[in-house]
file structure16.txt (compact mmCIF, C-alpha atoms)
# COMPACT_ATOMS: atom_id res chain seq x y z
CA MET A 1 166.35 61.78 120.83
CA ALA A 2 168.73 64.77 120.43
CA SER A 3 170.66 65.11 117.20
CA ASN A 4 174.47 64.84 117.26
CA ASP A 5 174.79 67.16 114.26
CA PRO A 6 175.99 70.56 115.53
CA GLU A 7 174.40 72.49 112.70
CA HIS A 8 171.11 70.74 113.30
CA ARG A 9 171.40 71.47 117.04
CA GLU A 10 172.04 75.13 116.35
CA GLU A 11 168.93 75.35 114.14
CA GLU A 12 166.82 73.76 116.87
CA GLU A 13 168.06 76.28 119.44
CA THR A 14 167.57 79.35 117.27
CA ALA A 15 164.29 78.33 115.61
CA PRO A 16 161.21 79.81 117.37
CA ALA A 17 158.68 77.49 118.89
CA GLU A 18 155.49 76.85 116.90
CA ASP A 19 153.26 78.70 119.39
CA GLU A 20 155.76 81.52 120.02
CA ASP A 21 154.60 84.98 118.98
CA THR A 22 157.31 86.58 116.84
CA GLY A 23 155.63 89.98 116.97
CA ALA A 24 155.48 90.27 113.18
CA GLN A 25 152.24 91.61 111.74
CA ILE A 26 151.27 90.35 108.31
CA ALA A 27 148.68 92.39 106.45
CA PRO A 28 146.23 90.50 104.23
CA ILE A 29 147.06 90.70 100.56
CA VAL A 30 143.42 90.91 99.47
CA LYS A 31 140.58 92.31 101.57
CA LEU A 32 137.37 90.40 101.00
CA GLU A 33 134.01 92.09 101.55
CA GLU A 34 130.82 90.32 102.53
CA VAL A 35 128.51 89.76 99.58
CA ALA A 36 124.79 89.17 99.99
CA VAL A 37 123.83 85.91 98.29
CA THR A 38 120.29 85.62 96.94
CA THR A 39 118.64 82.25 96.39
CA GLY A 40 115.39 83.42 94.82
CA GLU A 41 113.51 82.08 97.83
CA GLU A 42 113.46 85.29 99.88
CA ASP A 43 109.77 85.99 99.16
CA GLU A 44 108.68 82.42 99.95
CA ASP A 45 107.99 80.39 103.07
CA ALA A 46 108.96 76.72 103.32
CA ILE A 47 105.95 74.48 104.01
CA LEU A 48 108.02 71.28 104.06
CA ASP A 49 111.73 70.47 103.92
CA LEU A 50 112.90 66.84 103.72
CA LYS A 51 116.08 65.00 102.76
CA SER A 52 115.58 62.74 99.75
CA LYS A 53 116.94 61.41 96.47
CA LEU A 54 115.33 62.37 93.16
CA TYR A 55 115.11 60.45 89.87
CA ARG A 56 113.67 61.31 86.46
CA PHE A 57 112.48 58.83 83.86
CA ASP A 58 114.53 58.81 80.66
CA LYS A 59 112.10 58.01 77.85
CA GLU A 60 114.81 57.36 75.27
CA GLY A 61 116.72 54.95 77.49
CA ASN A 62 113.53 53.64 79.10
CA GLN A 63 115.08 53.81 82.57
CA TRP A 64 115.24 55.89 85.75
CA LYS A 65 118.20 58.26 86.07
CA GLU A 66 119.31 59.93 89.28
CA ARG A 67 118.94 63.72 89.39
CA GLY A 68 120.55 64.26 92.77
CA ALA A 69 120.35 63.84 96.53
CA GLY A 70 119.50 66.77 98.77
CA SER A 71 116.64 68.74 100.26
CA VAL A 72 113.17 68.92 98.68
CA LYS A 73 110.94 71.85 99.66
CA PHE A 74 107.45 73.17 99.08
CA LEU A 75 107.78 76.97 98.93
CA LYS A 76 104.71 79.23 99.23
CA HIS A 77 104.93 82.76 97.84
CA LYS A 78 104.06 85.39 100.45
CA LYS A 79 102.00 87.55 98.05
CA THR A 80 100.53 85.31 95.36
CA GLY A 81 100.03 82.21 97.51
CA LYS A 82 101.38 80.01 94.72
CA VAL A 83 103.43 76.99 95.76
CA ARG A 84 106.36 75.44 93.93
CA LEU A 85 108.43 72.32 94.53
CA VAL A 86 112.17 72.96 94.61
CA MET A 87 114.98 70.48 95.19
CA ARG A 88 118.69 71.26 95.37
CA GLN A 89 121.67 68.91 95.53
CA SER A 90 123.16 68.88 99.03
CA LYS A 91 126.77 69.90 98.19
CA THR A 92 126.58 71.93 94.98
CA LEU A 93 123.10 73.41 95.65
CA LYS A 94 122.36 72.82 91.98
CA ILE A 95 118.62 72.79 91.27
CA CYS A 96 117.40 69.39 90.14
CA ALA A 97 113.63 70.07 90.36
CA ASN A 98 111.71 73.34 90.10
CA HIS A 99 108.02 73.48 89.20
CA LEU A 100 104.70 74.90 90.36
CA VAL A 101 102.22 72.63 92.10
CA ILE A 102 98.97 73.01 90.17
CA PRO A 103 95.46 71.59 90.80
CA THR A 104 95.71 68.94 88.09
CA MET A 105 98.77 67.26 89.65
CA THR A 106 98.56 64.00 91.56
CA VAL A 107 101.23 62.02 93.41
CA GLN A 108 101.20 58.22 93.74
CA GLU A 109 103.17 55.66 95.68
CA HIS A 110 105.82 53.98 93.55
CA ALA A 111 104.91 50.34 92.92
CA GLY A 112 106.84 47.98 95.15
CA ASN A 113 108.46 50.68 97.33
CA ASP A 114 106.56 52.41 100.13
CA LYS A 115 109.42 54.90 100.62
CA SER A 116 109.07 56.29 97.10
CA CYS A 117 106.40 58.12 95.09
CA VAL A 118 106.00 59.42 91.52
CA TRP A 119 104.34 62.36 89.75
CA HIS A 120 104.28 64.24 86.43
CA ALA A 121 105.28 67.92 86.17
CA SER A 122 106.28 70.67 83.74
CA ASP A 123 109.73 71.23 85.21
CA PHE A 124 111.93 74.32 84.77
CA SER A 125 115.15 73.19 86.49
CA ASP A 126 117.13 73.19 83.21
CA GLY A 127 116.00 76.68 82.18
CA GLU A 128 113.13 75.53 79.95
CA LEU A 129 109.82 73.80 80.55
CA LYS A 130 109.99 70.02 80.13
CA ASP A 131 107.39 67.38 80.83
CA GLU A 132 109.04 65.09 83.36
CA LEU A 133 108.10 61.96 85.28
CA PHE A 134 109.76 62.21 88.70
CA CYS A 135 110.37 59.61 91.37
CA ILE A 136 111.53 60.62 94.84
CA ARG A 137 112.83 58.30 97.56
CA PHE A 138 112.97 59.04 101.28
CA GLY A 139 114.80 57.45 104.16
CA SER A 140 111.58 56.42 105.89
CA VAL A 141 107.97 55.54 105.13
CA GLU A 142 106.81 58.36 107.41
CA ASN A 143 108.65 61.03 105.38
CA CYS A 144 107.26 59.64 102.14
CA LYS A 145 103.69 59.79 103.50
CA LYS A 146 104.27 63.31 104.82
CA PHE A 147 105.50 64.40 101.39
CA MET A 148 102.51 62.87 99.58
CA GLU A 149 100.00 64.37 102.03
CA THR A 150 101.53 67.83 101.72
CA PHE A 151 101.64 67.50 97.92
CA GLN A 152 97.90 66.69 97.75
CA GLU A 153 96.96 69.43 100.24
CA VAL A 154 98.86 72.03 98.22
CA ALA A 155 97.26 70.90 94.94
CA GLU A 156 93.78 71.13 96.49
CA SER A 157 94.48 74.58 97.93
CA GLN A 158 95.60 75.79 94.50
CA GLN A 159 92.32 74.42 93.07
CA SER A 160 90.40 76.68 95.46
CA LYS A 161 92.49 79.67 94.40
CA GLU A 162 91.82 78.99 90.72
CA GLU A 163 88.09 78.67 91.36
CA ASN A 164 88.03 81.94 93.32
CA LYS A 165 90.03 83.61 90.56
CA ASP A 166 87.60 82.41 87.88
CA ALA A 167 84.60 83.45 89.99
CA SER A 168 86.08 86.92 90.53
CA ALA A 169 86.77 87.30 86.81
CA ALA A 170 83.21 86.24 85.96
CA ALA A 171 81.77 88.62 88.56
CA GLY A 172 83.88 91.46 87.19
CA LEU A 173 82.70 90.75 83.66
CA LEU A 174 79.02 90.69 84.73
CA GLU A 175 79.48 93.92 86.66
CA LYS A 176 81.06 95.57 83.61
CA LEU A 177 78.19 94.47 81.36
CA SER A 178 75.67 95.68 83.93
CA VAL A 179 77.31 99.11 84.07
CA GLU A 180 77.32 99.36 80.27
CA ASP A 181 73.60 98.46 80.15
CA LYS A 182 72.84 101.16 82.73
CA LYS A 183 74.79 103.71 80.68
CA GLU A 184 72.70 102.88 77.61
CA GLU A 185 69.49 103.30 79.62
CA VAL A 186 70.63 106.69 80.93
CA VAL A 187 71.49 107.86 77.42
CA LYS A 188 68.07 106.83 76.16
CA GLU A 189 66.31 108.66 79.01
CA GLU A 190 68.28 111.87 78.44
CA VAL A 191 67.40 112.12 74.72
CA PRO A 192 64.80 114.98 74.33
CA GLU A 193 61.40 114.13 72.88
CA LYS A 194 61.90 116.66 70.07
CA VAL A 195 65.09 114.93 69.02
CA LYS A 196 63.35 111.56 69.10
CA GLU A 197 60.56 112.98 66.87
CA ALA A 198 63.06 114.33 64.37
CA THR A 199 63.50 111.05 62.56
CA PRO A 200 64.85 110.96 58.98
CA GLU A 201 61.36 110.09 57.68
CA LYS A 202 59.81 112.98 59.63
CA VAL A 203 62.39 115.41 58.29
CA LYS A 204 61.76 114.26 54.71
CA GLU A 205 58.02 114.78 55.15
CA GLU A 206 58.49 118.32 56.52
CA GLU A 207 60.98 119.45 53.85
CA PRO A 208 58.44 119.74 50.90
CA GLU A 209 55.96 121.64 53.11
CA LYS A 210 58.66 124.05 54.21
CA ALA A 211 59.83 124.52 50.62
CA ALA A 212 56.27 125.34 49.51
CA ALA A 213 55.83 127.85 52.33
CA ASP A 214 59.10 129.58 51.43
CA SER A 215 58.07 129.74 47.76
CA ALA A 216 54.71 131.37 48.69
CA LYS A 217 56.46 134.04 50.75
CA LYS A 218 58.72 134.91 47.81
CA ASP A 219 55.72 135.27 45.48
CA GLU A 220 54.10 137.74 47.89

call {"tool": "encode", "arguments": {"input": "structure16.txt", "output": "C-alpha cells"}}
result
Amino acid sequence: MASNDPEHREEEETAPAEDEDTGAQIAPIVKLEEVAVTTGEEDEDAILDLKSKLYRFDKEGNQWKERGAGSVKFLKHKKTGKVRLVMRQSKTLKICANHLVIPTMTVQEHAGNDKSCVWHASDFSDGELKDELFCIRFGSVENCKKFMETFQEVAESQQSKEENKDASAAAGLLEKLSVEDKKEEVVKEEVPEKVKEATPEKVKEEEPEKAAADSAKKDE
C-alpha cells in the first residue's frame, strides 16, 4: 500500500534499491592475513575418530562429572610409533583428554551400559599429569566395541615395542661388555715378555746384585 505522506513518497523514489549497485568502492579498514594454525597433531596419523561424550570420576564428590562432548581420537606418531588418546570438545576444541596408551592399560565395559566403557590413565589435559578414571559413552554399541577393540590393539602393540626396546638395550649392553673384554685380551697379548718378567719382586731381587757389581767395579 502506497504512503500518502509526500515526504515519505519522495524518500521512496530517491532511495536506491537494495540490489542496485551505487558504484561506490569501500576499502577494508583492516586487512587480515591468513595465519597457519597448528594443532600439535601434524606429525601424527589418526587411527580412529569417533563422536562421544567423556566423563571423569570425581573422588571427592564420589560422582561422575562430564568433561565434554566431541571427537575422541587415537593418534599414532609417524616417527616414534607411540599412540596417544586425545579428545576435544566439539565447539571450543578444548582438550578434555590427552594421554599415552601404554601396555599396562586396560579398558572395560561400564557396568549396566553396553554403550560405555571405563579405563584408568595418567592424563595431561590440564597441563599436569593426573591419575584419572575415565568413562566414555557412544551413540551406538558398535562404536563402543570398535573403541574398546582399538584401545586393546594399541596397548598390545605398545607392549611389543617396549619388549623390542628392552631387548635392543640388553643386546647393546652385552655387545659393549664383549668389546671391552676383547680389548683387555688384546692388551694382555701385546705386553712384551720382558715387561711381564719385570715384576716388583724381580726388580727388588736384582737391585742388590746390581749394587754389588757396581761396588766391585769402583774398587778395581

call {"tool": "atom_distance", "arguments": {"input": "structure16.txt", "atom1": "CA of Asp131 in chain A", "atom2": "CA of Glu42 in chain A"}}
result
26.8 Å

call {"tool": "closest_residue", "arguments": {"input": "structure16.txt", "among": "A:Glu149, A:Glu41, A:Glu60, A:Asp114", "to": "Arg137 in chain A", "atoms": "all atoms listed in the file"}}
result
A:Asp114

call {"tool": "atom_distance", "arguments": {"input": "structure16.txt", "atom1": "CA of Ser52 in chain A", "atom2": "CA of Cys117 in chain A"}}
result
11.3 Å

call {"tool": "atom_distance", "arguments": {"input": "structure16.txt", "atom1": "CA of Ala69 in chain A", "atom2": "CA of Ser90 in chain A"}}
result
6.3 Å

call {"tool": "residues_near_point", "arguments": {"input": "structure16.txt", "point": "(116.6, 70.3, 96.6)", "cutoff": "12 Å", "atoms": "only C-alpha atoms", "output": "ChimeraX atom specification"}}
result
/A:48-54,67-75,84-99,125,136

call {"tool": "write_last_selection", "arguments": {"input": "structure16.txt", "atoms": "C-alpha atoms", "output": "PDB file, keeping the file's coordinate frame"}}
result
ATOM      1  CA  LEU A  48     108.020  71.280 104.060  1.00  0.00           C
ATOM      2  CA  ASP A  49     111.730  70.470 103.920  1.00  0.00           C
ATOM      3  CA  LEU A  50     112.900  66.840 103.720  1.00  0.00           C
ATOM      4  CA  LYS A  51     116.080  65.000 102.760  1.00  0.00           C
ATOM      5  CA  SER A  52     115.580  62.740  99.750  1.00  0.00           C
ATOM      6  CA  LYS A  53     116.940  61.410  96.470  1.00  0.00           C
ATOM      7  CA  LEU A  54     115.330  62.370  93.160  1.00  0.00           C
ATOM      8  CA  ARG A  67     118.940  63.720  89.390  1.00  0.00           C
ATOM      9  CA  GLY A  68     120.550  64.260  92.770  1.00  0.00           C
ATOM     10  CA  ALA A  69     120.350  63.840  96.530  1.00  0.00           C
ATOM     11  CA  GLY A  70     119.500  66.770  98.770  1.00  0.00           C
ATOM     12  CA  SER A  71     116.640  68.740 100.260  1.00  0.00           C
ATOM     13  CA  VAL A  72     113.170  68.920  98.680  1.00  0.00           C
ATOM     14  CA  LYS A  73     110.940  71.850  99.660  1.00  0.00           C
ATOM     15  CA  PHE A  74     107.450  73.170  99.080  1.00  0.00           C
ATOM     16  CA  LEU A  75     107.780  76.970  98.930  1.00  0.00           C
ATOM     17  CA  ARG A  84     106.360  75.440  93.930  1.00  0.00           C
ATOM     18  CA  LEU A  85     108.430  72.320  94.530  1.00  0.00           C
ATOM     19  CA  VAL A  86     112.170  72.960  94.610  1.00  0.00           C
ATOM     20  CA  MET A  87     114.980  70.480  95.190  1.00  0.00           C
ATOM     21  CA  ARG A  88     118.690  71.260  95.370  1.00  0.00           C
ATOM     22  CA  GLN A  89     121.670  68.910  95.530  1.00  0.00           C
ATOM     23  CA  SER A  90     123.160  68.880  99.030  1.00  0.00           C
ATOM     24  CA  LYS A  91     126.770  69.900  98.190  1.00  0.00           C
ATOM     25  CA  THR A  92     126.580  71.930  94.980  1.00  0.00           C
ATOM     26  CA  LEU A  93     123.100  73.410  95.650  1.00  0.00           C
ATOM     27  CA  LYS A  94     122.360  72.820  91.980  1.00  0.00           C
ATOM     28  CA  ILE A  95     118.620  72.790  91.270  1.00  0.00           C
ATOM     29  CA  CYS A  96     117.400  69.390  90.140  1.00  0.00           C
ATOM     30  CA  ALA A  97     113.630  70.070  90.360  1.00  0.00           C
ATOM     31  CA  ASN A  98     111.710  73.340  90.100  1.00  0.00           C
ATOM     32  CA  HIS A  99     108.020  73.480  89.200  1.00  0.00           C
ATOM     33  CA  SER A 125     115.150  73.190  86.490  1.00  0.00           C
ATOM     34  CA  ILE A 136     111.530  60.620  94.840  1.00  0.00           C
TER      35      ILE A 136
END

call {"tool": "closest_residue", "arguments": {"input": "structure16.txt", "among": "A:Glu132, A:Asp45, A:Glu109, A:Glu142", "to": "Thr80 in chain A", "atoms": "only C-alpha atoms"}}
result
A:Asp45

call {"tool": "closest_residue", "arguments": {"input": "structure16.txt", "among": "A:Glu44, A:Trp64, A:Val83, A:Arg56", "to": "Glu156 in chain A", "atoms": "only C-alpha atoms"}}
result
A:Val83
